[in-house]
$ cat structure-v1.cif   # mmCIF, C-alpha atoms and all ligand atoms
data_my_file
loop_
_atom_site.label_atom_id
_atom_site.label_comp_id
_atom_site.auth_asym_id
_atom_site.auth_seq_id
_atom_site.Cartn_x
_atom_site.Cartn_y
_atom_site.Cartn_z
CA MET A 1 -71.94 72.05 -35.93
CA LYS A 2 -69.31 74.67 -35.31
CA LYS A 3 -70.03 74.72 -31.57
CA LYS A 4 -70.04 70.93 -31.38
CA PHE A 5 -66.52 70.82 -32.74
CA TYR A 6 -65.46 73.07 -29.83
CA LEU A 7 -64.10 75.32 -32.50
CA ASN A 8 -65.62 78.55 -31.24
CA ASN A 9 -62.16 79.77 -30.29
CA PHE A 10 -60.75 78.89 -33.64
CA LYS A 11 -60.51 81.65 -36.17
CA THR A 12 -58.49 82.17 -39.23
CA GLN A 13 -58.88 84.20 -42.34
CA TRP A 14 -58.59 82.55 -45.68
CA ILE A 15 -59.18 83.75 -49.18
CA LYS A 16 -61.19 82.26 -52.02
CA TYR A 17 -61.71 83.49 -55.55
CA ASP A 18 -65.03 83.14 -57.32
CA ASP A 19 -63.50 81.41 -60.31
CA TYR A 20 -60.54 79.12 -60.97
CA GLN A 21 -59.14 77.38 -64.01
CA ILE A 22 -56.82 74.49 -64.76
CA ASN A 23 -53.56 75.37 -66.52
CA ILE A 24 -50.66 73.19 -67.57
CA ASP A 25 -47.07 74.32 -66.95
CA ASN A 26 -44.05 73.71 -69.21
CA ASN A 27 -43.41 70.33 -67.58
CA GLY A 28 -46.93 69.11 -68.20
CA ASN A 29 -48.11 69.50 -64.58
CA GLU A 30 -51.75 70.40 -64.13
CA TYR A 31 -52.30 73.40 -61.88
CA ILE A 32 -55.33 75.14 -60.50
CA VAL A 33 -55.12 78.92 -60.45
CA PRO A 34 -57.60 81.81 -59.97
CA ASN A 35 -59.05 83.27 -63.16
CA LYS A 36 -57.56 86.60 -64.17
CA ASP A 37 -60.85 88.48 -63.77
CA SER A 38 -62.12 86.66 -60.68
CA ASN A 39 -62.86 88.40 -57.38
CA TYR A 40 -61.83 87.33 -53.91
CA THR A 41 -63.73 86.93 -50.64
CA ILE A 42 -62.12 86.59 -47.21
CA TYR A 43 -63.84 84.07 -44.95
CA ASN A 44 -63.30 82.06 -41.75
CA PRO A 45 -62.99 78.34 -42.62
CA PHE A 46 -64.14 77.37 -39.11
CA GLU A 47 -67.55 78.88 -39.86
CA VAL A 48 -68.04 76.24 -42.55
CA SER A 49 -65.98 73.51 -40.88
CA ASP A 50 -68.48 70.69 -41.40
CA LYS A 51 -69.11 71.29 -45.08
CA LEU A 52 -65.43 71.91 -45.77
CA LEU A 53 -64.44 68.62 -44.18
CA PHE A 54 -67.08 66.52 -45.93
CA ASP A 55 -66.33 68.10 -49.32
CA LEU A 56 -62.66 67.23 -48.89
CA ILE A 57 -63.37 63.63 -47.83
CA ASP A 58 -65.75 63.34 -50.77
CA LEU A 59 -62.92 64.42 -53.10
CA GLY A 60 -60.53 61.96 -51.47
CA ASP A 61 -63.10 59.14 -51.79
CA GLU A 62 -63.55 59.90 -55.47
CA ALA A 63 -59.78 59.84 -56.05
CA LEU A 64 -59.48 56.53 -54.19
CA LYS A 65 -62.10 54.81 -56.33
CA LYS A 66 -60.69 52.09 -58.55
CA ASP A 67 -62.50 53.47 -61.58
CA SER A 68 -62.18 57.12 -60.57
CA ASP A 69 -62.95 59.57 -63.35
CA LYS A 70 -60.31 62.29 -63.84
CA ASN A 71 -62.94 64.74 -65.13
CA ILE A 72 -65.12 64.30 -62.07
CA ILE A 73 -62.08 64.83 -59.87
CA LYS A 74 -61.18 68.02 -61.76
CA LYS A 75 -64.72 69.33 -61.39
CA LYS A 76 -64.68 68.57 -57.68
CA ILE A 77 -61.34 70.35 -57.22
CA LEU A 78 -62.58 73.43 -59.09
CA LEU A 79 -65.72 73.49 -56.97
CA PHE A 80 -63.70 72.97 -53.80
CA ALA A 81 -61.41 75.90 -54.68
CA ARG A 82 -64.38 78.16 -55.44
CA ASN A 83 -65.87 77.33 -52.05
CA TYR A 84 -62.73 77.37 -49.92
CA GLY A 85 -59.72 78.59 -51.92
CA LEU A 86 -56.43 76.76 -52.40
CA LEU A 87 -54.69 74.80 -49.62
CA GLY A 88 -51.71 77.09 -49.00
CA LEU A 89 -49.28 74.19 -49.37
CA ILE A 90 -46.41 76.60 -50.07
CA SER A 91 -46.57 77.59 -46.45
CA SER A 92 -47.46 74.26 -44.79
CA SER A 93 -44.82 72.17 -46.59
CA VAL A 94 -41.76 73.92 -45.15
CA TYR A 95 -40.56 74.92 -41.70
CA ASN A 96 -39.72 78.50 -42.71
CA ARG A 97 -42.32 80.98 -41.54
CA ASN A 98 -42.00 83.88 -43.92
CA ILE A 99 -40.20 82.05 -46.73
CA ILE A 100 -39.79 85.35 -48.52
CA GLY A 101 -36.40 86.90 -47.76
CA GLU A 102 -34.80 83.55 -47.00
CA GLU A 103 -32.30 81.81 -49.23
CA LYS A 104 -33.49 78.27 -48.80
CA VAL A 105 -36.55 76.45 -47.60
CA LEU A 106 -36.44 73.41 -45.31
CA PHE A 107 -39.18 70.88 -46.07
CA THR A 108 -41.31 69.28 -43.37
CA GLU A 109 -41.31 65.50 -43.22
CA ASN A 110 -44.06 63.72 -45.16
CA ASN A 111 -44.91 66.82 -47.17
CA ILE A 112 -46.71 66.14 -50.44
CA ILE A 113 -44.59 68.42 -52.63
CA THR A 114 -41.21 66.71 -52.76
CA LYS A 115 -38.87 64.18 -51.24
CA GLU A 116 -36.06 66.80 -51.15
CA LYS A 117 -34.95 68.27 -47.84
CA LEU A 118 -33.84 71.72 -48.99
CA MET A 119 -34.58 73.91 -51.98
CA ASP A 120 -33.61 77.39 -53.14
CA THR A 121 -36.41 79.74 -52.23
CA SER A 122 -36.61 81.17 -55.75
CA GLU A 123 -37.05 77.69 -57.21
CA TYR A 124 -39.62 76.88 -54.53
CA MET A 125 -41.58 80.06 -55.24
CA SER A 126 -41.67 79.38 -58.96
CA LEU A 127 -43.11 75.94 -58.23
CA PHE A 128 -46.20 77.71 -56.91
CA THR A 129 -46.28 80.63 -59.35
CA PRO A 130 -45.57 78.92 -62.69
CA PHE A 131 -47.83 81.23 -64.69
CA ALA A 132 -46.75 84.57 -63.19
CA LEU A 133 -44.98 86.87 -65.63
CA GLU A 134 -42.13 89.17 -64.74
CA GLY A 135 -43.45 92.06 -62.71
CA ASP A 136 -46.64 90.25 -61.69
CA ILE A 137 -45.31 89.50 -58.23
CA TYR A 138 -41.96 90.42 -56.66
CA THR A 139 -40.40 91.36 -53.35
CA ARG A 140 -38.45 94.46 -52.44
CA THR A 141 -36.98 95.91 -49.29
CA PHE A 142 -38.99 98.95 -48.36
CA ASP A 143 -38.23 101.08 -45.30
CA ASP A 144 -35.91 98.38 -43.95
CA HIS A 145 -38.37 95.55 -44.34
CA LEU A 146 -39.43 93.23 -47.09
CA THR A 147 -42.65 93.77 -48.96
CA VAL A 148 -44.43 91.74 -51.58
CA PHE A 149 -45.55 93.74 -54.58
CA LYS A 150 -48.37 92.41 -56.72
CA ALA A 151 -49.76 93.60 -60.01
CA GLU A 152 -53.32 93.26 -58.66
CA ASP A 153 -55.29 94.15 -55.57
CA SER A 154 -55.45 91.02 -53.38
CA PRO A 155 -55.03 91.60 -49.61
CA LYS A 156 -51.71 92.26 -47.91
CA PHE A 157 -51.06 91.72 -44.23
CA TYR A 158 -48.10 94.03 -43.66
CA GLY A 159 -46.30 91.73 -41.24
CA LYS A 160 -49.30 90.66 -39.16
CA ARG A 161 -49.18 87.28 -40.77
CA PRO A 162 -46.34 85.47 -42.57
CA LEU A 163 -45.25 87.37 -45.66
CA ILE A 164 -45.79 84.31 -47.83
CA LEU A 165 -49.56 84.74 -47.41
CA ASP A 166 -49.35 87.85 -49.58
CA VAL A 167 -48.31 85.43 -52.33
CA VAL A 168 -50.80 82.69 -51.42
CA PHE A 169 -53.67 85.16 -51.55
CA SER A 170 -52.67 86.57 -54.92
CA LYS A 171 -54.10 85.62 -58.30
CA PHE A 172 -50.67 84.29 -59.29
CA TYR A 173 -50.60 81.53 -56.70
CA ALA A 174 -51.26 78.05 -58.13
CA GLU A 175 -51.32 74.50 -56.79
CA GLN A 176 -50.90 71.21 -58.64
CA LEU A 177 -54.02 69.09 -58.87
CA ASN A 178 -51.96 66.08 -57.77
CA TRP A 179 -51.00 67.76 -54.51
CA ILE A 180 -54.61 68.55 -53.66
CA ILE A 181 -55.68 65.01 -54.60
CA GLU A 182 -52.92 63.54 -52.43
CA PHE A 183 -53.99 65.59 -49.44
CA ALA A 184 -57.66 64.66 -49.85
CA LYS A 185 -56.75 60.98 -50.26
CA ASN A 186 -54.70 61.05 -47.06
CA ILE A 187 -57.65 62.30 -45.02
CA SER A 188 -59.99 59.71 -46.59
CA ILE A 189 -57.53 56.88 -45.93
CA HIS A 190 -57.03 58.11 -42.39
CA LEU A 191 -60.77 57.93 -41.77
CA ASN A 192 -60.91 54.43 -43.31
CA GLN A 193 -58.17 53.24 -41.00
CA LEU A 194 -59.78 54.79 -37.98
CA ILE A 195 -63.04 52.95 -38.74
CA ILE A 196 -61.14 49.68 -39.15
CA TYR A 197 -59.46 50.16 -35.78
CA LYS A 198 -62.82 51.02 -34.25
CA ASN A 199 -64.15 47.63 -35.29
CA ILE A 200 -61.35 45.56 -33.82
CA SER A 201 -60.31 45.40 -30.20
CA LEU A 202 -56.84 46.87 -29.91
CA THR A 203 -54.49 45.61 -27.25
CA GLU A 204 -52.38 48.76 -27.31
CA PRO A 205 -52.83 52.31 -28.58
CA VAL A 206 -51.91 52.91 -32.21
CA THR A 207 -51.09 56.16 -33.93
CA ILE A 208 -52.94 56.30 -37.20
CA MET A 209 -50.71 57.39 -40.08
CA ALA A 210 -48.11 58.87 -37.79
CA GLY A 211 -46.38 61.97 -39.11
CA LYS A 212 -49.11 62.86 -41.59
CA PHE A 213 -50.41 65.89 -39.73
CA LYS A 214 -48.37 69.04 -39.79
CA ALA A 215 -48.96 71.18 -36.77
CA GLU A 216 -45.53 72.83 -36.91
CA LYS A 217 -46.72 76.30 -37.56
CA ILE A 218 -50.00 76.74 -35.73
CA GLY A 219 -49.71 79.69 -33.41
CA PHE A 220 -52.10 81.70 -31.34
CA THR A 221 -52.64 85.18 -30.01
CA ILE A 222 -54.97 86.39 -27.29
CA SER A 223 -57.30 89.17 -28.11
CA MET A 224 -59.48 91.26 -25.85
CA PHE A 225 -62.86 92.69 -26.59
CA ASP A 226 -65.53 92.05 -23.98
CA LYS A 227 -63.63 89.00 -22.79
CA PRO A 228 -60.23 87.48 -23.56
CA GLU A 229 -60.24 85.15 -26.54
CA ILE A 230 -57.72 82.81 -28.07
CA ASN A 231 -57.18 83.41 -31.75
CA TRP A 232 -55.60 80.42 -33.35
CA GLU A 233 -53.50 81.34 -36.32
CA PHE A 234 -53.20 79.09 -39.29
CA ASP A 235 -50.93 79.85 -42.19
CA SER A 236 -52.52 77.34 -44.52
CA LEU A 237 -55.92 75.90 -45.30
CA GLU A 238 -54.22 72.50 -45.13
CA SER A 239 -53.43 72.76 -41.40
CA THR A 240 -56.85 74.33 -40.83
CA ILE A 241 -58.55 71.29 -42.37
CA GLU A 242 -56.32 68.88 -40.45
CA THR A 243 -57.28 70.62 -37.22
CA ILE A 244 -60.99 70.54 -38.05
CA TYR A 245 -60.66 66.84 -38.91
CA ALA A 246 -58.79 66.03 -35.69
CA PHE A 247 -61.41 67.80 -33.58
CA ALA A 248 -64.26 66.18 -35.50
CA LEU A 249 -62.78 62.73 -34.84
CA THR A 250 -62.15 63.22 -31.18
CA ASP A 251 -65.36 65.05 -30.32
CA GLU A 252 -67.49 62.86 -28.09
CA SER A 253 -70.80 64.50 -28.82
CA PHE A 254 -71.07 62.92 -32.23
CA ILE A 255 -69.36 60.31 -34.35
CA LEU A 256 -67.65 60.88 -37.68
CA THR A 257 -68.04 57.61 -39.55
CA ARG A 258 -68.97 56.08 -42.88
CA CYS A 259 -72.35 54.83 -44.04
CA GLU A 260 -72.38 51.04 -44.06
CA TYR A 261 -74.33 51.06 -47.32
CA CYS A 262 -72.90 53.83 -49.52
CA LYS A 263 -69.61 54.38 -47.59
CA LYS A 264 -70.08 58.15 -47.57
CA ALA A 265 -68.67 59.96 -44.53
CA PHE A 266 -71.35 61.33 -42.23
CA VAL A 267 -71.95 62.31 -38.63
CA ALA A 268 -73.78 59.65 -36.63
CA LYS A 269 -75.71 60.66 -33.54
CA SER A 270 -74.87 57.38 -31.82
CA GLU A 271 -72.80 54.24 -32.45
CA ARG A 272 -76.06 52.53 -33.41
CA GLU A 273 -76.61 54.82 -36.38
CA LYS A 274 -75.07 52.98 -39.32
CA TYR A 275 -76.52 54.69 -42.38
CA CYS A 276 -76.14 58.21 -43.71
CA SER A 277 -79.73 58.56 -44.88
CA PRO A 278 -83.17 56.90 -44.67
CA SER A 279 -82.74 55.78 -48.28
CA CYS A 280 -79.50 53.92 -47.47
CA ARG A 281 -81.21 52.27 -44.50
CA ASN A 282 -84.09 51.25 -46.80
CA CYS A 283 -81.70 49.76 -49.35
CA ILE A 284 -80.06 47.63 -46.67
CA ASN A 285 -83.45 46.55 -45.31
CA VAL A 286 -84.57 45.49 -48.77
CA ILE A 287 -81.40 43.42 -49.22
CA LYS A 288 -81.77 41.89 -45.75
CA SER A 289 -85.40 40.94 -46.26
CA ARG A 290 -84.63 39.55 -49.71
CA ASN A 291 -81.90 37.36 -48.20
CA LYS A 292 -84.18 36.34 -45.37
CA LYS A 293 -86.95 35.37 -47.82
CA LYS A 294 -84.50 33.34 -49.84
CA LEU A 295 -83.26 31.58 -46.72
CA ILE A 296 -86.82 30.75 -45.62
CA LYS A 297 -87.63 29.53 -49.13
CA ASP A 298 -84.54 27.28 -49.17
CA LEU A 299 -85.35 25.92 -45.74
CA ASN A 300 -88.96 25.22 -46.73
CA GLU A 301 -87.86 23.44 -49.87
CA ASN A 302 -85.48 21.31 -47.85
CA GLU A 303 -88.14 20.48 -45.33
CA THR A 304 -90.64 19.48 -48.02
CA ALA A 305 -88.05 17.24 -49.60
CA GLU A 306 -87.31 15.72 -46.21
CA LYS A 307 -91.03 15.13 -45.49
CA ASN A 308 -91.51 13.43 -48.86
CA LYS A 309 -88.75 11.04 -47.99
CA LEU A 310 -90.15 10.47 -44.54
CA THR A 311 -93.60 9.40 -45.72
CA LYS A 312 -92.04 6.04 -46.57
CA ASN A 313 -90.87 5.62 -42.97
CA ASP A 314 -92.80 5.00 -39.79
CA ILE A 315 -94.52 8.29 -39.05
CA GLY A 316 -94.51 7.53 -35.31
CA GLU A 317 -90.75 7.70 -35.23
CA VAL A 318 -90.40 10.83 -37.25
CA LYS A 319 -88.36 12.57 -34.63
CA GLY A 320 -85.86 9.76 -34.22
CA VAL A 321 -85.60 9.33 -37.93
CA LYS A 322 -84.90 13.00 -38.35
CA ASN A 323 -82.10 12.90 -35.80
CA MET A 324 -80.61 9.87 -37.44
CA LYS A 325 -80.81 11.62 -40.77
CA ILE A 326 -78.81 14.54 -39.41
CA ASP A 327 -76.13 12.19 -38.08
CA GLU A 328 -75.96 10.50 -41.42
CA LYS A 329 -75.67 13.84 -43.13
CA LYS A 330 -72.76 14.77 -40.91
CA LYS A 331 -71.05 11.50 -41.75
CA GLU A 332 -71.66 12.12 -45.40
CA ALA A 333 -70.18 15.57 -45.13
CA ILE A 334 -67.03 14.23 -43.50
CA TYR A 335 -66.79 11.54 -46.14
CA GLU A 336 -67.26 14.10 -48.90
CA TYR A 337 -64.58 16.26 -47.37
CA LYS A 338 -62.10 13.43 -47.40
CA GLU A 339 -62.98 12.33 -50.89
CA ARG A 340 -63.36 15.72 -52.40
CA LYS A 341 -61.17 16.54 -55.32
CA THR A 342 -58.29 18.89 -54.84
CA THR A 343 -59.38 22.31 -55.99
CA GLY A 344 -56.54 24.70 -56.46
CA GLY A 345 -56.41 28.07 -58.09
CA VAL A 346 -55.37 31.66 -57.81
CA TYR A 347 -56.40 33.89 -54.95
CA LYS A 348 -56.00 37.55 -54.18
CA ILE A 349 -55.56 39.23 -50.80
CA THR A 350 -56.43 42.91 -51.06
CA ASN A 351 -55.65 45.72 -48.68
CA ILE A 352 -58.92 47.64 -48.94
CA VAL A 353 -57.34 50.77 -47.47
CA ASN A 354 -54.61 51.37 -50.03
CA ASP A 355 -55.88 48.96 -52.70
CA LYS A 356 -52.63 47.00 -52.88
CA SER A 357 -52.96 43.30 -53.38
CA LEU A 358 -51.11 40.03 -53.32
CA ILE A 359 -51.84 37.44 -56.02
CA ARG A 360 -50.76 33.84 -55.40
CA CYS A 361 -51.67 30.33 -56.45
CA GLU A 362 -52.44 27.51 -54.07
CA ILE A 363 -52.96 23.77 -54.43
CA ASP A 364 -55.77 23.73 -51.91
CA LEU A 365 -57.78 26.94 -52.12
CA LYS A 366 -60.25 26.04 -49.40
CA SER A 367 -57.59 25.48 -46.79
CA MET A 368 -55.84 28.65 -47.92
CA GLU A 369 -59.05 30.57 -47.31
CA ASN A 370 -59.37 28.91 -43.89
CA ARG A 371 -55.83 29.90 -43.13
CA PHE A 372 -56.57 33.48 -44.12
CA ASN A 373 -59.70 33.62 -41.94
CA PHE A 374 -57.80 32.14 -39.06
CA SER A 375 -55.09 34.77 -39.45
CA VAL A 376 -57.67 37.54 -39.48
CA SER A 377 -59.22 36.27 -36.27
CA THR A 378 -55.91 35.85 -34.49
CA GLY A 379 -54.09 38.83 -35.98
CA SER A 380 -51.17 36.75 -37.21
CA CYS A 381 -50.11 37.33 -40.80
CA VAL A 382 -50.48 34.85 -43.67
CA ASN A 383 -47.74 36.13 -45.93
CA ILE A 384 -44.47 37.90 -45.23
CA LYS A 385 -44.98 40.21 -48.22
CA ILE A 386 -47.99 41.87 -46.64
CA GLN A 387 -46.72 41.65 -43.09
CA LYS A 388 -45.71 45.32 -42.80
CA ASP A 389 -49.10 46.62 -43.93
CA TRP A 390 -50.87 43.89 -41.96
CA LYS A 391 -49.21 45.31 -38.87
CA GLU A 392 -49.88 48.91 -39.81
CA PHE A 393 -53.47 48.66 -41.09
CA GLY A 394 -54.68 45.67 -39.09
CA ALA A 395 -55.97 42.33 -40.31
CA LYS A 396 -59.46 43.70 -40.91
CA ALA A 397 -58.07 45.85 -43.72
CA PHE A 398 -57.54 42.75 -45.85
CA LYS A 399 -60.00 40.74 -47.86
CA PHE A 400 -59.61 37.35 -49.48
CA GLU A 401 -61.02 36.49 -52.86
CA ILE A 402 -60.69 33.62 -55.29
CA LEU A 403 -59.79 34.72 -58.80
CA GLU A 404 -60.02 31.35 -60.50
CA GLU A 405 -60.43 27.73 -59.47
CA ILE A 406 -59.09 24.68 -61.23
CA GLU A 407 -59.61 21.06 -60.31
CA MET A 408 -56.76 18.61 -60.34
CA GLU A 409 -57.35 15.88 -62.93
CA ASN A 410 -57.20 12.32 -61.64
CA ASP A 411 -54.27 11.39 -63.81
CA MET A 412 -52.31 14.53 -63.02
CA SER A 413 -49.22 14.60 -60.87
CA ILE A 414 -48.90 17.21 -58.11
CA ILE A 415 -45.89 18.69 -59.91
CA ASP A 416 -47.86 19.20 -63.12
CA PHE A 417 -50.76 20.63 -61.16
CA LYS A 418 -48.40 23.09 -59.46
CA LYS A 419 -46.99 24.13 -62.83
CA GLU A 420 -50.45 24.75 -64.18
CA LEU A 421 -51.30 26.84 -61.14
CA LYS A 422 -48.09 28.83 -61.45
CA THR A 423 -48.91 29.70 -65.09
CA LEU A 424 -52.35 30.85 -64.04
CA GLU A 425 -50.84 32.94 -61.25
CA GLU A 426 -48.45 34.59 -63.70
CA LYS A 427 -51.32 35.38 -66.03
CA TYR A 428 -53.19 37.23 -63.28
CA ILE A 429 -50.07 39.03 -62.12
CA SER A 430 -49.24 40.19 -65.64
CA GLU A 431 -52.78 41.51 -66.07
CA ALA A 432 -52.71 43.40 -62.78
CA ASN A 433 -51.41 46.92 -62.29
CA LYS A 434 -47.81 46.42 -61.11
CA GLU A 435 -47.90 49.42 -58.80
CA ASN A 436 -50.79 47.93 -56.86
CA LEU A 437 -49.08 44.62 -56.15
CA TYR A 438 -47.22 43.56 -53.06
ZN ZN B 501 -75.34 56.08 -47.26
#

$ encode --input "structure-v1.cif" --output "structure tokens" --more "lines below"
Ligand SMILES: [Zn+2]
Amino acid sequence: MKKKFYLNNFKTQWIKYDDYQINIDNNGNEYIVPNKDSNYTIYNPFEVSDKLLFDLIDLGDEALKKDSDKNIIKKKILLFARNYGLLGLISSSVYNRNIIGEEKVLFTENNIITKEKLMDTSEYMSLFTPFALEGDIYTRTFDDHLTVFKAEDSPKFYGKRPLILDVVFSKFYAEQLNWIIEFAKNISIHLNQLIIYKNISLTEPVTIMAGKFKAEKIGFTISMFDKPEINWEFDSLESTIETIYAFALTDESFILTRCEYCKKAFVAKSEREKYCSPSCRNCINVIKSRNKKKLIKDLNENETAEKNKLTKNDIGEVKGVKNMKIDEKKKEAIYEYKERKTTGGVYKITNIVNDKSLIRCEIDLKSMENRFNFSVSTGSCVNIKIQKDWKEFGAKAFKFEILEEIEMENDMSIIDFKKELKTLEEKYISEANKENLY
């Protein structure tokens, strides 16, 4: 797959340890850090670009699940670190190149570490080395230039790469689980949005999650062996993964998408390929044929019932009778519609990309649902509260569901009915997670 990504000119060296553990700092933050007696390997992430990308999306998918299990997430992060190392967020979250030797760091926009703009370098460094003891890692000017000293034997680059990598590649460098989860979630959400946009016809180009990718510090050199070669230089695994992802998405020779059955990310050979595996395709076929059988059964039952009725009529005019019956049915349906009782209730509109939802009550649920469907088909928005996300994620990112229905009693006034609905709405809102509500 490496060749297909057009990544043959992409090289970078990254470090991974063979064992990591989860530690908690004095403020209760969970960190992942190499084990004291673990050993490192240097590798080129582009050589394993496909697996690296899918493992990260898999982690993001797990974290996005409504009922996601913290222990599974921890296991996945530990496994991810053993396979690929830590993300190098210390280097990708700020504009400074070397970091070491500078007084302050200037944060990039949309970084996942902090909302601050500036921070003292010493404070910033201790955010990523919370378990290092005095003397474990320190800097000193040596022969007129700065050097990082470490109480262990991880690689040093002596100025060929940013000095901060001497810290990143040490056993004292740690990253918070929440940061890694946030990064993985971002990539998963990005892919979800892309797939949504793929399925609707856009009238103008949209930038998906603008500002999320940080290409500030990707450089390159040209090397010469038997032929000139570009060597792209990445100072973090984070930007490496973002680059791999961007190339995977835009490569025309295959399609990065999600399985329509299990939702797992996979590479489709053509737009027609909808499922990640033969077993997912089988599952869908079973469901389809079950539905089809049920439909045929229902139709047959209807027809038998119809025939039984018809035996009383003149068989010679069966056709005419049938047509008349259909007209009558239509009339009946219209009549029923007019006479039908008012069914109100509480509905929920959910943004399936970020899981936020809007809970409201409505006197006429059916017409509310019609209104929602109409809005989806025209792109206009049903409620001002969700308008911003509706614009950003697209109408297809929203689903409508009825939480509870209640029928208006004959002797009830509209005002009382509204009150009852409002109480029901409040009940559902109070039960919902506040953070996930519009
Ligand atoms: Zn699947």

$ residues_around --input "structure-v1.cif" --residues "segment 88-98 of chain A" --least-positions-apart "2" --cutoff "8 Å" --atoms "all atoms listed in the file" --output "PyMOL selection string"
chain A and resi 86+100-102+105-108+111-113+125+128+162-165+168+175+214+216-217+235-239

$ atom_distance --input "structure-v1.cif" --atom1 "atom CA of Ile218 of chain A" --atom2 "atom CA of Ala246 of chain A"
13.9 Å

$ atom_distance --input "structure-v1.cif" --atom1 "atom CA of Ser270 of chain A" --atom2 "atom CA of Asp355 of chain A"
29.5 Å

$ closest_residue --input "structure-v1.cif" --among "A:Val376, A:Ile187, A:Leu403, A:Cys283" --to "Cys361 of chain A" --atoms "all atoms listed in the file"
A:Leu403

$ residues_near_point --input "structure-v1.cif" --point "(-53.6, 19.0, -64.7)" --cutoff "12 Å" --atoms "all atoms listed in the file" --output "MDAnalysis selection string"
chainID A and resid 342:345 363 406:424

$ residues_around --input "structure-v1.cif" --residues "Leu437 of chain A" --least-positions-apart "6" --cutoff "6 Å" --atoms "all atoms listed in the file" --output "list in words"
Lys356, Ser357 and Leu358 of chain A

$ residues_around --input "structure-v1.cif" --residues "segment 26-38 of chain A" --least-positions-apart "5" --cutoff "9 Å" --atoms "all atoms listed in the file" --output "PyMOL selection string"
chain A and resi 16-21+77-78+81-82+85-86+128+130-131+170-178

$ closest_residue --input "structure-v1.cif" --among "A:Asn433, A:Asn302, A:Thr207, A:Asn354" --to "Ser188 of chain A" --atoms "only C-alpha atoms"
A:Asn354

$ closest_atom_pairs --input "structure-v1.cif" --of "chain A" --to "ligand ZN 501 (chain B)" --cutoff "7 Å" --atoms "only C-alpha atoms and all ligand atoms" --output "tab-separated table"
residue	atom	partner	partner_atom	distance
A:Cys259	CA	B:ZN501	ZN	4.6
A:Glu260	CA	B:ZN501	ZN	6.7
A:Tyr261	CA	B:ZN501	ZN	5.1
A:Cys262	CA	B:ZN501	ZN	4.0
A:Lys263	CA	B:ZN501	ZN	6.0
A:Lys264	CA	B:ZN501	ZN	5.7
A:Tyr275	CA	B:ZN501	ZN	5.2
A:Cys276	CA	B:ZN501	ZN	4.2
A:Ser277	CA	B:ZN501	ZN	5.6
A:Cys280	CA	B:ZN501	ZN	4.7

$ write_last_selection --input "structure-v1.cif" --atoms "C-alpha atoms" --output "tab-separated table (two decimals), in the coordinates of the input"
chain	number	residue	atom	x	y	z
A	259	CYS	CA	-72.35	54.83	-44.04
A	260	GLU	CA	-72.38	51.04	-44.06
A	261	TYR	CA	-74.33	51.06	-47.32
A	262	CYS	CA	-72.90	53.83	-49.52
A	263	LYS	CA	-69.61	54.38	-47.59
A	264	LYS	CA	-70.08	58.15	-47.57
A	275	TYR	CA	-76.52	54.69	-42.38
A	276	CYS	CA	-76.14	58.21	-43.71
A	277	SER	CA	-79.73	58.56	-44.88
A	280	CYS	CA	-79.50	53.92	-47.47

$ closest_residue --input "structure-v1.cif" --among "A:Leu87, A:Ile429, A:Leu249, A:Ile241" --to "Arg360 of chain A" --atoms "all atoms listed in the file"
A:Ile429

$ residues_near_point --input "structure-v1.cif" --point "(-54.7, 51.2, -32.1)" --cutoff "10 Å" --atoms "all atoms listed in the file" --output "JSON, numbers by chain"
{"A": [193, 194, 196, 197, 198, 200, 201, 202, 203, 204, 205, 206, 207, 208, 392, 393, 394]}

$ atom_distance --input "structure-v1.cif" --atom1 "atom CA of Asp251 of chain A" --atom2 "atom CA of Phe54 of chain A"
15.8 Å

$ closest_residue --input "structure-v1.cif" --among "A:Asn199, A:Asn351, A:Thr141, A:Asn370" --to "Lys399 of chain A" --atoms "only C-alpha atoms"
A:Asn351

$ closest_residue --input "structure-v1.cif" --among "A:Cys381, A:Ile359, A:Gly135, A:Trp232" --to "Ala432 of chain A" --atoms "only C-alpha atoms"
A:Ile359
